[in-house]
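Text of the file final19.csv, holding CSV, C-alpha atoms:
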```
chain,number,residue,atom,x,y,z
A,1,MET,CA,-26.4,8.8,-1.8
A,2,GLU,CA,-26.7,10.4,1.7
A,3,ASP,CA,-27.0,6.9,3.2
A,4,THR,CA,-23.7,6.0,1.6
A,5,PHE,CA,-22.0,9.0,3.1
A,6,SER,CA,-23.6,8.3,6.5
A,7,ASN,CA,-22.3,4.7,6.3
A,8,LEU,CA,-18.8,5.9,5.3
A,9,ALA,CA,-18.8,8.3,8.3
A,10,THR,CA,-19.8,5.4,10.6
A,11,TYR,CA,-17.8,2.5,9.2
A,12,GLY,CA,-15.3,4.3,7.0
A,13,TYR,CA,-12.6,4.4,9.7
A,14,ILE,CA,-12.9,0.7,10.4
A,15,GLY,CA,-12.6,-0.1,6.7
A,16,LEU,CA,-9.7,2.3,6.4
A,17,PHE,CA,-7.9,0.6,9.3
A,18,ILE,CA,-8.5,-2.9,7.9
A,19,TYR,CA,-7.5,-1.9,4.3
A,20,SER,CA,-4.4,0.0,5.6
A,21,LEU,CA,-3.0,-3.1,7.3
A,22,GLY,CA,-2.0,-4.4,3.9
A,23,GLY,CA,-1.2,-1.2,2.1
A,24,GLY,CA,-4.3,1.0,1.8
A,25,PHE,CA,-3.3,3.9,-0.3
A,26,VAL,CA,-6.6,3.8,-2.2
A,27,ALA,CA,-8.5,3.9,1.0
A,28,LEU,CA,-6.4,6.7,2.3
A,29,ILE,CA,-7.0,8.7,-0.9
A,30,GLY,CA,-10.7,8.0,-0.6
A,31,ALA,CA,-10.6,9.2,3.0
A,32,GLY,CA,-8.7,12.3,2.0
A,33,VAL,CA,-11.3,13.1,-0.7
A,34,LEU,CA,-14.2,12.4,1.8
A,35,SER,CA,-12.4,14.7,4.3
A,36,TYR,CA,-12.3,17.4,1.6
A,37,MET,CA,-16.0,16.9,1.1
A,38,GLY,CA,-16.6,17.2,4.8
A,39,LYS,CA,-17.8,13.6,5.3
A,40,MET,CA,-14.8,12.4,7.3
A,41,ASP,CA,-12.1,14.0,9.5
A,42,LEU,CA,-8.7,14.2,7.8
A,43,ALA,CA,-6.6,14.0,11.0
A,44,THR,CA,-8.5,11.0,12.3
A,45,SER,CA,-8.3,9.3,8.9
A,46,MET,CA,-4.6,9.9,8.6
A,47,ALA,CA,-4.0,8.6,12.2
A,48,VAL,CA,-6.0,5.5,11.6
A,49,ALA,CA,-4.1,4.7,8.3
A,50,PHE,CA,-0.8,5.5,9.9
A,51,VAL,CA,-1.3,3.1,12.8
A,52,ALA,CA,-2.7,0.3,10.7
A,53,ASN,CA,0.0,0.6,8.1
A,54,SER,CA,2.7,0.5,10.7
A,55,ILE,CA,1.2,-2.5,12.4
A,56,GLY,CA,0.6,-4.3,9.1
A,57,ASP,CA,4.2,-4.2,8.0
A,58,VAL,CA,5.5,-5.1,11.5
A,59,MET,CA,3.1,-8.1,11.5
A,60,LEU,CA,4.4,-9.3,8.1
A,61,PHE,CA,8.0,-8.9,9.3
A,62,TYR,CA,7.3,-10.8,12.5
A,63,MET,CA,5.4,-13.6,10.8
A,64,ALA,CA,8.2,-14.0,8.2
A,65,ARG,CA,10.8,-14.1,11.0
A,66,TYR,CA,9.1,-16.4,13.4
A,67,GLN,CA,6.5,-18.3,11.3
A,68,LYS,CA,8.7,-19.0,8.2
A,69,ARG,CA,7.1,-22.4,7.3
A,70,THR,CA,3.6,-20.9,7.3
A,71,MET,CA,4.6,-17.8,5.4
A,72,MET,CA,6.6,-19.8,2.8
A,73,GLU,CA,3.6,-22.0,2.1
A,74,GLY,CA,1.5,-18.9,1.4
A,75,ILE,CA,3.9,-17.2,-0.9
A,76,ARG,CA,5.2,-20.2,-2.7
A,77,LYS,CA,3.7,-18.9,-6.0
A,78,HIS,CA,5.5,-15.6,-5.5
A,79,ARG,CA,9.1,-16.8,-5.1
A,80,ARG,CA,10.4,-14.7,-8.0
A,81,LYS,CA,8.8,-11.6,-6.6
A,82,LEU,CA,10.3,-12.4,-3.3
A,83,ALA,CA,13.7,-12.8,-5.0
A,84,LEU,CA,13.1,-9.4,-6.6
A,85,SER,CA,12.5,-8.0,-3.2
A,86,HIS,CA,15.8,-9.4,-1.9
A,87,VAL,CA,17.6,-7.8,-4.9
A,88,MET,CA,15.9,-4.5,-4.2
A,89,MET,CA,16.9,-4.7,-0.5
A,90,LYS,CA,20.6,-5.2,-1.5
A,91,LYS,CA,20.4,-2.4,-4.1
A,92,TYR,CA,18.6,0.3,-2.0
A,93,GLY,CA,19.4,-0.8,1.6
A,94,SER,CA,17.2,0.6,4.3
A,95,TRP,CA,15.6,3.0,1.9
A,96,ILE,CA,13.6,0.1,0.5
A,97,ILE,CA,11.4,0.3,3.7
A,98,LEU,CA,10.3,3.8,2.6
A,99,ILE,CA,10.2,3.0,-1.2
A,100,GLN,CA,8.0,0.0,-0.7
A,101,LYS,CA,5.2,2.0,0.8
A,102,PHE,CA,4.7,3.7,-2.5
A,103,VAL,CA,5.1,0.8,-4.9
A,104,TYR,CA,2.0,-1.3,-5.5
A,105,GLY,CA,2.8,-5.0,-6.1
A,106,ILE,CA,5.8,-5.3,-3.8
A,107,LYS,CA,4.2,-3.6,-0.8
A,108,THR,CA,3.6,-6.8,1.2
A,109,LEU,CA,6.6,-8.7,-0.1
A,110,ILE,CA,9.3,-6.4,1.1
A,111,PRO,CA,8.5,-6.7,4.9
A,112,ILE,CA,8.4,-10.5,4.3
A,113,ALA,CA,11.7,-10.5,2.5
A,114,ILE,CA,13.3,-8.4,5.2
A,115,GLY,CA,11.8,-10.6,7.9
A,116,LEU,CA,13.5,-13.7,6.3
A,117,THR,CA,16.9,-12.0,6.7
A,118,LYS,CA,18.8,-11.2,9.8
A,119,TYR,CA,17.7,-7.5,9.7
A,120,ASP,CA,17.4,-6.0,13.1
A,121,PHE,CA,13.7,-5.9,14.2
A,122,LYS,CA,14.0,-2.7,16.2
A,123,LYS,CA,15.7,-0.9,13.2
A,124,PHE,CA,12.9,-2.2,10.9
A,125,ALA,CA,10.2,-1.1,13.3
A,126,ILE,CA,11.6,2.4,13.7
A,127,LEU,CA,12.2,2.9,9.9
A,128,ASN,CA,8.8,1.4,9.2
A,129,VAL,CA,7.1,3.9,11.6
A,130,MET,CA,8.9,6.8,10.0
A,131,SER,CA,8.1,5.5,6.5
A,132,ALA,CA,4.4,5.1,7.4
A,133,ALA,CA,4.4,8.7,8.6
A,134,VAL,CA,5.8,9.9,5.2
A,135,TRP,CA,3.4,7.7,3.3
A,136,THR,CA,0.4,8.9,5.4
A,137,LEU,CA,1.2,12.5,5.1
A,138,SER,CA,1.9,12.2,1.4
A,139,PHE,CA,-1.3,10.5,0.4
A,140,GLY,CA,-3.5,12.0,3.1
A,141,PHE,CA,-2.6,15.7,2.4
A,142,GLY,CA,-2.1,15.0,-1.3
A,143,SER,CA,-5.6,13.6,-1.7
A,144,TYR,CA,-7.2,16.3,0.5
A,145,TYR,CA,-5.6,19.2,-1.4
A,146,SER,CA,-6.4,17.4,-4.7
A,147,GLY,CA,-10.0,16.8,-3.6
A,148,ASP,CA,-11.6,19.2,-6.1
A,149,ALA,CA,-9.8,17.6,-9.0
A,150,LEU,CA,-10.5,14.1,-7.8
A,151,VAL,CA,-14.2,14.8,-7.2
A,152,LYS,CA,-14.4,16.1,-10.8
A,153,PHE,CA,-12.6,13.0,-12.1
A,154,ILE,CA,-15.0,10.7,-10.2
A,155,GLY,CA,-17.9,12.7,-11.6
A,156,LEU,CA,-16.4,12.2,-15.1
A,157,ILE,CA,-16.2,8.4,-14.5
A,158,GLY,CA,-19.8,8.5,-13.3
A,159,GLU,CA,-20.9,10.2,-16.6
A,160,LYS,CA,-18.6,8.0,-18.8
A,161,PRO,CA,-18.2,4.6,-17.0
A,162,TRP,CA,-16.3,3.1,-19.9
A,163,ILE,CA,-13.2,5.2,-18.8
A,164,ALA,CA,-12.7,3.2,-15.5
A,165,PRO,CA,-12.0,-0.2,-17.1
A,166,ILE,CA,-9.6,1.4,-19.5
A,167,ILE,CA,-7.7,3.1,-16.6
A,168,LEU,CA,-7.7,-0.2,-14.6
A,169,LEU,CA,-6.5,-2.1,-17.6
A,170,ILE,CA,-3.6,0.3,-18.3
A,171,PHE,CA,-2.6,0.4,-14.6
A,172,GLY,CA,-2.9,-3.4,-14.1
A,173,GLY,CA,-1.2,-4.1,-17.4
A,174,SER,CA,1.7,-1.8,-16.6
A,175,LEU,CA,2.1,-3.4,-13.2
A,176,TRP,CA,1.9,-6.9,-14.6
A,177,LEU,CA,4.5,-6.0,-17.4
A,178,TYR,CA,6.9,-4.5,-14.9
A,179,LEU,CA,6.7,-7.5,-12.5
A,180,THR,CA,7.0,-10.0,-15.3
A,181,GLN,CA,10.1,-8.2,-16.7
A,182,ALA,CA,11.7,-7.7,-13.3
A,183,THR,CA,11.2,-11.3,-12.3
A,184,LYS,CA,12.0,-12.9,-15.6
A,185,LYS,CA,14.8,-15.6,-15.6
A,186,LYS,CA,17.9,-14.2,-17.1
A,187,LYS,CA,19.8,-16.4,-19.6
A,188,ILE,CA,23.4,-16.9,-18.7
A,189,LYS,CA,25.7,-16.3,-21.6
```
Transcribe the structure of this file into structure tokens.
Amino acid sequence: MEDTFSNLATYGYIGLFIYSLGGGFVALIGAGVLSYMGKMDLATSMAVAFVANSIGDVMLFYMARYQKRTMMEGIRKHRRKLALSHVMMKKYGSWIILIQKFVYGIKTLIPIAIGLTKYDFKKFAILNVMSAAVWTLSFGFGSYYSGDALVKFIGLIGEKPWIAPIILLIFGGSLWLYLTQATKKKKIK
């Protein structure tokens, strides 16, 4: 067990950076709990996640804007979710840049959808950095100050491993149900 914590202290920041490029809230929560346990540094973890998250969304925006053909090939199966992202952009405006940081399932599609429009790159970059700061502070401090409860919860799952699949099934099923309903073709009357 001590070897695991040693490896996390050594390679945890690299993993956190790579995972945060595409979202990373689970890794940031893990880093917050490990910081609570004294195995990682909270400020460093939050800085790494913030930088990576900011860069990741800007890269998605940039690739959608200037590499449309390549991006469209990669997301061909997700056209309905991309259309949902466009609808959400129209509904929430610039707030969607903040909202998408907290919604699993559309996190990577929103910057792509925005990149496919004529949205100003500088405005996106500024709002993205501010949103990444809010996201980092929320999950970083939230997981650090909830560290005791999360450690107890992890201990419970260690004692009763059958709980984890049930939680994943409920979470995954809820997400799938939401995305299915939100992207379902509407019948025209």
Enumerate, in order of chain and increasing residue number, the residues of region 46-72 of chain A with an atom no farther than 12 Å from region 81-91 of chain A, each with its shortest atom pair and distance in Å to one decimal, counting all atoms listed in the file, as a Markdown table.
```
| residue | atom | partner | partner_atom | distance |
| --- | --- | --- | --- | --- |
| A:Ala64 | CA | A:Leu82 | CA | 11.8 |
| A:Met71 | CA | A:Leu82 | CA | 11.7 |
| A:Met72 | CA | A:Leu82 | CA | 10.3 |
```
Worksheet entry | Contacts of Pro111 (chain A) at 9 Å (only C-alpha atoms; same-chain gap of 3+ positions) as a VMD selection string | chain A and resid 57 to 62 64 97 100 107 to 108 114 to 116 124
Practice prompt. One decimal, Å: what's the distance from CA of Gly93 (chain A) over to CA of Trp176 (chain A), could you say?
Written response: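 CA of Trp176 (chain A) lies at a distance of 24.6 Å from CA of Gly93 (chain A).
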Worksheet item: What is the distance, in Å and to one decimal place, between CA of Ser138 (chain A) and CA of Tyr13 (chain A)?
Response: 18.4 Å
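Take CA of Lys101 (chain A) and CA of Trp135 (chain A): the distance between them is 6.5 Å.
All residues of protein, DNA or RNA that reach within 12 Å of Gly140 (chain A), judged by only C-alpha atoms and not counting those fewer than 6 positions away in the chain, are A:Leu16, A:Gly24, A:Phe25, A:Val26, A:Ala27, A:Leu28, A:Ile29, A:Gly30, A:Ala31, A:Gly32, A:Val33, A:Leu34, A:Ser35, A:Tyr36, A:Asp41, A:Leu42, A:Ala43, A:Thr44, A:Ser45, A:Met46, A:Ala47, A:Val48, A:Ala49, A:Phe50, A:Ala132, A:Ala133, A:Val134, A:Ser146, A:Gly147.
Among the candidates A:Trp162, A:Leu109, A:Phe139, A:Asp148, the residue lying nearest to Arg80 (chain A) is A:Leu109 (atoms considered: all atoms listed in the file).
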